[in-house]
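Here the structure comes first, spelled out in structure tokens, and everything after it is commentary.
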Amino acid sequence: GLLGPNGSGKTTLLKLAGGALKPSGGEIQLDRTNLNHLSKNQIARKVAMVPQYFYMPFSFTVDEVVGLGRTPFIKMLAGEKESDRNAVQHSIEIAGISDFEKRIFNELSGGERQRAILALAMAQEPKLLLLDEPTAHLDINHQVELLELVSKLNSESSVTIVAVMHDLNLASLYFKRLVILKDSSVFADGSPKQVLTESIIQEVYSSPVHVT
């Protein structure tokens with residue numbers, strides 16, 4: 001779980017990890033390979049990102065949107081294979097969206113959209129899944145539902161999850177490791193018990209809190 005106040009660099013870090021931005025210094029490695037030495041397609045076969053805002057300009061059905069996750073694997077003019085269709089269907093089942101896979105994506109509720117976007121990311125069969133505020137704009141039951149799904153992906157599918165979170169309570173419940181950023185630097189890194197202390201939270205967020 002990636003924590004920190006607005007402007008601390010959380011989303012920038014995700015974009016760097018996903019190859020959308022290049023570092024001004026140093027290097028980012030994916031499987032011990034410099035990210036700059038990999039093509040966008042090679043990165044997309046290992047890393048998937050669920051952005052905070054996802055805009056779909058066309059009237060695609062949910063299964064068509066999820067199918068976009070297979071783009072890195074489909075050769076131009078070759079069309080999709082059975083393995084691609086299976087990956088899409090498997091992602092739909094994992095995300096629990098089979099009941100509305102034929103509905104228009106833009107007509108879904110916020111919680112349904114988030115699960116559909118997560119299914120799109122899972123269709124890439126990534127080793128690393130990056131989530132930018134996945135619970136933003138969701139009510140509490142959909143927040144819990146989504147994080148339960150993310151936790152299941154981590155434990156059962158061995159997918160590494162890095163998620164930008166604002167809710168410290170939810171972060172402490174669903175992430176075994178938390179990293180707090182302040183002024184674009186790592187301020188604290190460890191278990192929820194080590195990171196979410198009254199002194200650290202007050203120092204980073206400039207707000208007095210009581211931790212129980």
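We label chains A, B, ... in the order they appear in the structure tokens, count residues from 1 in each chain, and number ligands from 1 in the order shown.
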
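Backbone DSSP over stretch 36-87 of chain A yields alpha helix (DSSP H) at Lys40, Asn41, Gln42, Ile43, Ala44, Val62, Asp63, Glu64, Val65, Val66, Gly67, Glu82, Ser83, Asp84, Arg85, Asn86 and Ala87 of chain A.
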
Prev. selection, N, CA, C and O atoms, output as a PDB file, in the first residue's frame:
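File produced: result_29.pdb:
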ATOM      1  N   LYS A  40       7.193  -1.058 -24.938  1.00  0.00           N
ATOM      2  CA  LYS A  40       5.901  -0.893 -24.255  1.00  0.00           C
ATOM      3  C   LYS A  40       5.150  -2.225 -24.222  1.00  0.00           C
ATOM      4  O   LYS A  40       4.483  -2.552 -23.240  1.00  0.00           O
ATOM      5  N   ASN A  41       5.271  -2.982 -25.292  1.00  0.00           N
ATOM      6  CA  ASN A  41       4.582  -4.271 -25.370  1.00  0.00           C
ATOM      7  C   ASN A  41       5.148  -5.273 -24.365  1.00  0.00           C
ATOM      8  O   ASN A  41       4.411  -6.015 -23.720  1.00  0.00           O
ATOM      9  N   GLN A  42       6.473  -5.276 -24.232  1.00  0.00           N
ATOM     10  CA  GLN A  42       7.112  -6.187 -23.274  1.00  0.00           C
ATOM     11  C   GLN A  42       6.723  -5.829 -21.842  1.00  0.00           C
ATOM     12  O   GLN A  42       6.486  -6.709 -21.013  1.00  0.00           O
ATOM     13  N   ILE A  43       6.651  -4.538 -21.559  1.00  0.00           N
ATOM     14  CA  ILE A  43       6.245  -4.096 -20.220  1.00  0.00           C
ATOM     15  C   ILE A  43       4.794  -4.480 -19.954  1.00  0.00           C
ATOM     16  O   ILE A  43       4.446  -4.971 -18.876  1.00  0.00           O
ATOM     17  N   ALA A  44       3.943  -4.278 -20.965  1.00  0.00           N
ATOM     18  CA  ALA A  44       2.511  -4.543 -20.798  1.00  0.00           C
ATOM     19  C   ALA A  44       2.206  -6.023 -20.593  1.00  0.00           C
ATOM     20  O   ALA A  44       1.130  -6.372 -20.110  1.00  0.00           O
ATOM     21  N   VAL A  62     -18.952  -4.758 -21.631  1.00  0.00           N
ATOM     22  CA  VAL A  62     -17.964  -5.053 -20.595  1.00  0.00           C
ATOM     23  C   VAL A  62     -16.938  -6.071 -21.080  1.00  0.00           C
ATOM     24  O   VAL A  62     -15.725  -5.895 -20.894  1.00  0.00           O
ATOM     25  N   ASP A  63     -17.395  -7.152 -21.739  1.00  0.00           N
ATOM     26  CA  ASP A  63     -16.442  -8.159 -22.201  1.00  0.00           C
ATOM     27  C   ASP A  63     -15.512  -7.611 -23.284  1.00  0.00           C
ATOM     28  O   ASP A  63     -14.353  -8.034 -23.390  1.00  0.00           O
ATOM     29  N   GLU A  64     -15.990  -6.645 -24.087  1.00  0.00           N
ATOM     30  CA  GLU A  64     -15.123  -6.021 -25.087  1.00  0.00           C
ATOM     31  C   GLU A  64     -14.052  -5.158 -24.413  1.00  0.00           C
ATOM     32  O   GLU A  64     -12.905  -5.128 -24.857  1.00  0.00           O
ATOM     33  N   VAL A  65     -14.438  -4.469 -23.340  1.00  0.00           N
ATOM     34  CA  VAL A  65     -13.477  -3.657 -22.595  1.00  0.00           C
ATOM     35  C   VAL A  65     -12.415  -4.549 -21.961  1.00  0.00           C
ATOM     36  O   VAL A  65     -11.215  -4.274 -22.049  1.00  0.00           O
ATOM     37  N   VAL A  66     -12.852  -5.646 -21.357  1.00  0.00           N
ATOM     38  CA  VAL A  66     -11.904  -6.583 -20.741  1.00  0.00           C
ATOM     39  C   VAL A  66     -10.974  -7.158 -21.801  1.00  0.00           C
ATOM     40  O   VAL A  66      -9.780  -7.358 -21.568  1.00  0.00           O
ATOM     41  N   GLY A  67     -11.508  -7.375 -22.985  1.00  0.00           N
ATOM     42  CA  GLY A  67     -10.710  -7.919 -24.089  1.00  0.00           C
ATOM     43  C   GLY A  67      -9.552  -7.022 -24.500  1.00  0.00           C
ATOM     44  O   GLY A  67      -8.566  -7.502 -25.078  1.00  0.00           O
ATOM     45  N   GLU A  82      -7.610 -18.675 -29.070  1.00  0.00           N
ATOM     46  CA  GLU A  82      -8.436 -19.268 -28.020  1.00  0.00           C
ATOM     47  C   GLU A  82      -7.880 -18.924 -26.635  1.00  0.00           C
ATOM     48  O   GLU A  82      -8.636 -18.688 -25.697  1.00  0.00           O
ATOM     49  N   SER A  83      -6.537 -18.864 -26.530  1.00  0.00           N
ATOM     50  CA  SER A  83      -5.910 -18.519 -25.254  1.00  0.00           C
ATOM     51  C   SER A  83      -6.295 -17.109 -24.814  1.00  0.00           C
ATOM     52  O   SER A  83      -6.449 -16.837 -23.617  1.00  0.00           O
ATOM     53  N   ASP A  84      -6.466 -16.205 -25.780  1.00  0.00           N
ATOM     54  CA  ASP A  84      -6.890 -14.840 -25.470  1.00  0.00           C
ATOM     55  C   ASP A  84      -8.321 -14.822 -24.955  1.00  0.00           C
ATOM     56  O   ASP A  84      -8.627 -14.165 -23.947  1.00  0.00           O
ATOM     57  N   ARG A  85      -9.180 -15.562 -25.616  1.00  0.00           N
ATOM     58  CA  ARG A  85     -10.587 -15.622 -25.189  1.00  0.00           C
ATOM     59  C   ARG A  85     -10.698 -16.259 -23.800  1.00  0.00           C
ATOM     60  O   ARG A  85     -11.502 -15.823 -22.964  1.00  0.00           O
ATOM     61  N   ASN A  86      -9.886 -17.283 -23.570  1.00  0.00           N
ATOM     62  CA  ASN A  86      -9.910 -17.947 -22.257  1.00  0.00           C
ATOM     63  C   ASN A  86      -9.437 -17.008 -21.153  1.00  0.00           C
ATOM     64  O   ASN A  86      -9.987 -17.006 -20.048  1.00  0.00           O
ATOM     65  N   ALA A  87      -8.397 -16.213 -21.460  1.00  0.00           N
ATOM     66  CA  ALA A  87      -7.866 -15.266 -20.479  1.00  0.00           C
ATOM     67  C   ALA A  87      -8.909 -14.207 -20.126  1.00  0.00           C
ATOM     68  O   ALA A  87      -9.059 -13.835 -18.957  1.00  0.00           O
TER      69      ALA A  87
END

Near A:Arg177, within 8 Å and counting only C-alpha atoms, which residues show up once chain neighbours fewer than 5 positions away are dropped, as a ChimeraX atom specification? /A:1,189-192

For the residues in that selection, give me N, CA, C and O atoms as a short mmCIF file (atom, residue, chain, number, x, y, z; two decimals), in the first residue's frame.
data_model
loop_
_atom_site.label_atom_id
_atom_site.label_comp_id
_atom_site.auth_asym_id
_atom_site.auth_seq_id
_atom_site.Cartn_x
_atom_site.Cartn_y
_atom_site.Cartn_z
N GLY A 1 0.83 -1.19 0.00
CA GLY A 1 0.00 0.00 0.00
C GLY A 1 0.86 1.24 0.00
O GLY A 1 1.83 1.34 0.76
N ASP A 189 8.57 2.72 5.82
CA ASP A 189 8.36 1.51 5.04
C ASP A 189 8.36 0.33 6.00
O ASP A 189 9.33 0.11 6.73
N GLY A 190 7.25 -0.42 6.03
CA GLY A 190 7.19 -1.57 6.92
C GLY A 190 5.78 -2.10 7.04
O GLY A 190 4.91 -1.82 6.21
N SER A 191 5.53 -2.87 8.08
CA SER A 191 4.19 -3.41 8.34
C SER A 191 3.27 -2.28 8.80
O SER A 191 3.74 -1.21 9.22
N PRO A 192 1.95 -2.48 8.72
CA PRO A 192 1.02 -1.46 9.22
C PRO A 192 1.33 -1.03 10.65
O PRO A 192 1.25 0.16 10.99
#

Residues near A:Val162, anyone? I mean within 7 Å using only C-alpha atoms, not counting same-chain ones fewer than 6 positions away, as a PyMOL selection string. chain A and resi 1-2+129-131

Now that the selection is made, can you save its residues with all heavy atoms as a PDB file, in the first residue's frame?
ATOM      1  N   GLY A   1       0.829  -1.187   0.000  1.00  0.00           N
ATOM      2  CA  GLY A   1       0.000   0.000   0.000  1.00  0.00           C
ATOM      3  C   GLY A   1       0.865   1.238   0.000  1.00  0.00           C
ATOM      4  O   GLY A   1       1.833   1.336   0.758  1.00  0.00           O
ATOM      5  N   LEU A   2       0.586   2.156  -0.897  1.00  0.00           N
ATOM      6  CA  LEU A   2       1.374   3.381  -1.055  1.00  0.00           C
ATOM      7  C   LEU A   2       0.581   4.549  -0.489  1.00  0.00           C
ATOM      8  O   LEU A   2      -0.498   4.871  -0.983  1.00  0.00           O
ATOM      9  CB  LEU A   2       1.677   3.590  -2.539  1.00  0.00           C
ATOM     10  CG  LEU A   2       2.850   4.478  -2.943  1.00  0.00           C
ATOM     11  CD1 LEU A   2       4.150   3.997  -2.321  1.00  0.00           C
ATOM     12  CD2 LEU A   2       2.963   4.510  -4.459  1.00  0.00           C
ATOM     13  N   LEU A 129       0.580  -5.606 -10.559  1.00  0.00           N
ATOM     14  CA  LEU A 129      -0.651  -4.848 -10.789  1.00  0.00           C
ATOM     15  C   LEU A 129      -0.571  -3.542 -10.012  1.00  0.00           C
ATOM     16  O   LEU A 129      -0.411  -3.539  -8.788  1.00  0.00           O
ATOM     17  CB  LEU A 129      -1.861  -5.666 -10.339  1.00  0.00           C
ATOM     18  CG  LEU A 129      -3.242  -5.011 -10.472  1.00  0.00           C
ATOM     19  CD1 LEU A 129      -3.528  -4.641 -11.922  1.00  0.00           C
ATOM     20  CD2 LEU A 129      -4.323  -5.948  -9.938  1.00  0.00           C
ATOM     21  N   LEU A 130      -0.662  -2.415 -10.729  1.00  0.00           N
ATOM     22  CA  LEU A 130      -0.579  -1.087 -10.137  1.00  0.00           C
ATOM     23  C   LEU A 130      -1.979  -0.477 -10.080  1.00  0.00           C
ATOM     24  O   LEU A 130      -2.677  -0.422 -11.101  1.00  0.00           O
ATOM     25  CB  LEU A 130       0.346  -0.194 -10.963  1.00  0.00           C
ATOM     26  CG  LEU A 130       1.742  -0.763 -11.275  1.00  0.00           C
ATOM     27  CD1 LEU A 130       2.481   0.152 -12.252  1.00  0.00           C
ATOM     28  CD2 LEU A 130       2.544  -0.941  -9.996  1.00  0.00           C
ATOM     29  N   LEU A 131      -2.385  -0.028  -8.904  1.00  0.00           N
ATOM     30  CA  LEU A 131      -3.718   0.528  -8.710  1.00  0.00           C
ATOM     31  C   LEU A 131      -3.610   1.954  -8.171  1.00  0.00           C
ATOM     32  O   LEU A 131      -2.981   2.183  -7.135  1.00  0.00           O
ATOM     33  CB  LEU A 131      -4.521  -0.326  -7.720  1.00  0.00           C
ATOM     34  CG  LEU A 131      -4.637  -1.822  -8.015  1.00  0.00           C
ATOM     35  CD1 LEU A 131      -5.225  -2.550  -6.814  1.00  0.00           C
ATOM     36  CD2 LEU A 131      -5.499  -2.054  -9.241  1.00  0.00           C
TER      37      LEU A 131
END

Of the candidates A:Ser158, A:Val195, A:Leu149, A:Met165, which one gets nearest to A:Thr135 if we count only C-alpha atoms? A:Met165

Skip A:Gly26 itself and residues of its chain fewer than 4 positions away, then list as a list in words all residues within 12 Å of it, counting only C-alpha atoms. Leu16, Lys22, Asn34, Leu35 and Asn36 of chain A

Just asking: which residues within stretch 4-187 of chain A are strand (DSSP E or B) according to DSSP, as an NGL selection string? :A and (29-30 or 33-34 or 47-50 or 61 or 104 or 128-132 or 160-164 or 178-182 or 185-187)

Any chance you could export the current selection's N, CA, C and O atoms as a JSON list (two decimals), in the first residue's frame?
[["chain", "number", "residue", "atom", "x", "y", "z"],
["A", 29, "GLN", "N", 14.10, -1.24, -12.55],
["A", 29, "GLN", "CA", 14.30, -2.59, -13.07],
["A", 29, "GLN", "C", 13.04, -3.43, -12.93],
["A", 29, "GLN", "O", 12.34, -3.35, -11.92],
["A", 30, "LEU", "N", 12.77, -4.20, -13.96],
["A", 30, "LEU", "CA", 11.69, -5.17, -13.95],
["A", 30, "LEU", "C", 12.31, -6.53, -14.25],
["A", 30, "LEU", "O", 12.89, -6.72, -15.33],
["A", 33, "THR", "N", 15.85, -6.24, -15.29],
["A", 33, "THR", "CA", 16.12, -5.60, -16.59],
["A", 33, "THR", "C", 15.69, -4.14, -16.52],
["A", 33, "THR", "O", 14.60, -3.84, -16.05],
["A", 34, "ASN", "N", 16.56, -3.26, -16.99],
["A", 34, "ASN", "CA", 16.24, -1.83, -17.02],
["A", 34, "ASN", "C", 14.97, -1.62, -17.84],
["A", 34, "ASN", "O", 14.88, -2.04, -19.00],
["A", 47, "VAL", "N", 3.26, -5.93, -16.59],
["A", 47, "VAL", "CA", 2.75, -4.90, -15.68],
["A", 47, "VAL", "C", 1.42, -4.37, -16.19],
["A", 47, "VAL", "O", 1.29, -4.03, -17.37],
["A", 48, "ALA", "N", 0.43, -4.31, -15.31],
["A", 48, "ALA", "CA", -0.87, -3.74, -15.67],
["A", 48, "ALA", "C", -1.19, -2.62, -14.68],
["A", 48, "ALA", "O", -0.83, -2.70, -13.51],
["A", 49, "MET", "N", -1.83, -1.57, -15.17],
["A", 49, "MET", "CA", -2.17, -0.45, -14.30],
["A", 49, "MET", "C", -3.65, -0.12, -14.39],
["A", 49, "MET", "O", -4.21, -0.04, -15.49],
["A", 50, "VAL", "N", -4.27, 0.06, -13.23],
["A", 50, "VAL", "CA", -5.65, 0.52, -13.16],
["A", 50, "VAL", "C", -5.62, 1.98, -12.74],
["A", 50, "VAL", "O", -5.29, 2.28, -11.58],
["A", 61, "THR", "N", -19.18, -3.12, -24.85],
["A", 61, "THR", "CA", -19.72, -3.95, -23.78],
["A", 61, "THR", "C", -18.59, -4.27, -22.80],
["A", 61, "THR", "O", -17.41, -4.09, -23.10],
["A", 104, "ILE", "N", -23.40, -2.40, -21.51],
["A", 104, "ILE", "CA", -22.52, -1.33, -21.98],
["A", 104, "ILE", "C", -21.71, -0.80, -20.80],
["A", 104, "ILE", "O", -22.28, -0.47, -19.75],
["A", 128, "LEU", "N", 2.77, -7.85, -12.02],
["A", 128, "LEU", "CA", 2.67, -6.67, -11.17],
["A", 128, "LEU", "C", 1.43, -5.88, -11.55],
["A", 128, "LEU", "O", 1.24, -5.54, -12.72],
["A", 129, "LEU", "N", 0.58, -5.61, -10.56],
["A", 129, "LEU", "CA", -0.65, -4.85, -10.79],
["A", 129, "LEU", "C", -0.57, -3.54, -10.01],
["A", 129, "LEU", "O", -0.41, -3.54, -8.79],
["A", 130, "LEU", "N", -0.66, -2.42, -10.73],
["A", 130, "LEU", "CA", -0.58, -1.09, -10.14],
["A", 130, "LEU", "C", -1.98, -0.48, -10.08],
["A", 130, "LEU", "O", -2.68, -0.42, -11.10],
["A", 131, "LEU", "N", -2.38, -0.03, -8.90],
["A", 131, "LEU", "CA", -3.72, 0.53, -8.71],
["A", 131, "LEU", "C", -3.61, 1.95, -8.17],
["A", 131, "LEU", "O", -2.98, 2.18, -7.14],
["A", 132, "ASP", "N", -4.21, 2.90, -8.86],
["A", 132, "ASP", "CA", -4.17, 4.30, -8.42],
["A", 132, "ASP", "C", -5.50, 4.67, -7.78],
["A", 132, "ASP", "O", -6.50, 4.89, -8.46],
["A", 160, "THR", "N", 1.77, -9.45, -7.64],
["A", 160, "THR", "CA", 2.22, -8.40, -6.73],
["A", 160, "THR", "C", 1.35, -7.17, -6.93],
["A", 160, "THR", "O", 1.14, -6.72, -8.06],
["A", 161, "ILE", "N", 0.85, -6.62, -5.84],
["A", 161, "ILE", "CA", -0.04, -5.46, -5.90],
["A", 161, "ILE", "C", 0.64, -4.25, -5.30],
["A", 161, "ILE", "O", 1.19, -4.32, -4.20],
["A", 162, "VAL", "N", 0.62, -3.13, -6.03],
["A", 162, "VAL", "CA", 1.04, -1.84, -5.46],
["A", 162, "VAL", "C", -0.12, -0.88, -5.67],
["A", 162, "VAL", "O", -0.51, -0.61, -6.81],
["A", 163, "ALA", "N", -0.70, -0.40, -4.57],
["A", 163, "ALA", "CA", -1.91, 0.43, -4.67],
["A", 163, "ALA", "C", -1.74, 1.73, -3.92],
["A", 163, "ALA", "O", -1.31, 1.75, -2.76],
["A", 164, "VAL", "N", -2.08, 2.83, -4.58],
["A", 164, "VAL", "CA", -2.15, 4.13, -3.91],
["A", 164, "VAL", "C", -3.43, 4.16, -3.08],
["A", 164, "VAL", "O", -4.52, 3.92, -3.60],
["A", 178, "LEU", "N", 3.34, -1.37, 3.99],
["A", 178, "LEU", "CA", 2.93, -0.01, 3.67],
["A", 178, "LEU", "C", 4.15, 0.87, 3.49],
["A", 178, "LEU", "O", 5.13, 0.77, 4.24],
["A", 179, "VAL", "N", 4.10, 1.74, 2.48],
["A", 179, "VAL", "CA", 5.16, 2.72, 2.24],
["A", 179, "VAL", "C", 4.53, 4.10, 2.26],
["A", 179, "VAL", "O", 3.57, 4.36, 1.53],
["A", 180, "ILE", "N", 5.05, 4.98, 3.11],
["A", 180, "ILE", "CA", 4.55, 6.35, 3.18],
["A", 180, "ILE", "C", 5.54, 7.28, 2.50],
["A", 180, "ILE", "O", 6.74, 7.26, 2.81],
["A", 181, "LEU", "N", 5.04, 8.08, 1.56],
["A", 181, "LEU", "CA", 5.87, 9.08, 0.89],
["A", 181, "LEU", "C", 5.62, 10.46, 1.49],
["A", 181, "LEU", "O", 4.50, 10.80, 1.87],
["A", 182, "LYS", "N", 6.67, 11.24, 1.54],
["A", 182, "LYS", "CA", 6.57, 12.65, 1.93],
["A", 182, "LYS", "C", 7.59, 13.43, 1.13],
["A", 182, "LYS", "O", 8.77, 13.08, 1.10],
["A", 185, "SER", "N", 9.81, 11.47, -1.30],
["A", 185, "SER", "CA", 10.78, 10.52, -0.75],
["A", 185, "SER", "C", 10.08, 9.53, 0.17],
["A", 185, "SER", "O", 9.00, 9.82, 0.71],
["A", 186, "VAL", "N", 10.69, 8.36, 0.35],
["A", 186, "VAL", "CA", 10.13, 7.37, 1.26],
["A", 186, "VAL", "C", 10.38, 7.83, 2.69],
["A", 186, "VAL", "O", 11.52, 8.02, 3.11],
["A", 187, "PHE", "N", 9.29, 8.02, 3.44],
["A", 187, "PHE", "CA", 9.40, 8.47, 4.84],
["A", 187, "PHE", "C", 9.35, 7.29, 5.80],
["A", 187, "PHE", "O", 10.01, 7.29, 6.82]]

List the spatial neighbours of A:Leu138 as a ChimeraX atom specification - criterion: any atom at most 9 Å away, only C-alpha atoms, same-chain residues fewer than 6 positions off excluded. /A:110-111,114

Write out the residues from the selection above, keeping C-alpha atoms, as an mmCIF file, in the first residue's frame.
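What ended up in out-v1.cif:
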data_model
loop_
_atom_site.group_PDB
_atom_site.id
_atom_site.type_symbol
_atom_site.label_atom_id
_atom_site.label_comp_id
_atom_site.auth_asym_id
_atom_site.auth_seq_id
_atom_site.Cartn_x
_atom_site.Cartn_y
_atom_site.Cartn_z
ATOM 1 C CA GLY A 110 -18.972 3.074 -10.108
ATOM 2 C CA GLY A 111 -18.351 -0.208 -8.291
ATOM 3 C CA GLN A 114 -13.954 -0.598 -11.107
#

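Between atom CA of A:Ala95 and atom CA of A:Arg115 the separation is 5.9 Å.
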
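Residue nearest A:Gln89 within the list A:His37, A:Arg32, A:Lys75, A:Arg70: A:Arg70 [criterion: smallest interatomic distance, only C-alpha atoms].
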
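Look at A:Ile140: the protein and nucleic acid residues within 12 Å of it, using only C-alpha atoms and passing over chain neighbours fewer than 4 places away, are Gly111, Thr135, Ala136, Val144, Glu145, Leu146, Leu147, Asp167, Asn169 and Leu170 of chain A.
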
Write the residues you've just listed into a file as a PDB file, in the first residue's frame, and include C-alpha atoms for each of them.
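See result-v5.pdb below for the written result:
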ATOM      1  CA  GLY A 111     -18.351  -0.208  -8.291  1.00  0.00           C
ATOM      2  CA  THR A 135     -11.455   2.719  -3.836  1.00  0.00           C
ATOM      3  CA  ALA A 136     -11.940   6.407  -4.677  1.00  0.00           C
ATOM      4  CA  VAL A 144     -14.312  -3.726   0.841  1.00  0.00           C
ATOM      5  CA  GLU A 145     -15.518  -5.879  -2.062  1.00  0.00           C
ATOM      6  CA  LEU A 146     -12.809  -4.543  -4.362  1.00  0.00           C
ATOM      7  CA  LEU A 147     -10.013  -4.890  -1.805  1.00  0.00           C
ATOM      8  CA  ASP A 167      -7.883   5.474   3.606  1.00  0.00           C
ATOM      9  CA  ASN A 169      -7.778   2.111   7.957  1.00  0.00           C
ATOM     10  CA  LEU A 170      -8.426   0.112   4.787  1.00  0.00           C
TER      11      LEU A 170
END

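Distances to A:Glu125 were evaluated for A:Gln194, A:Ser91, A:Asn154, A:Gln202 using only C-alpha atoms, and the minimum falls at A:Ser91.
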
Closest to A:Ile92 among A:Phe105, A:Glu112, A:Ala123, A:Leu173, using only C-alpha atoms? A:Ala123
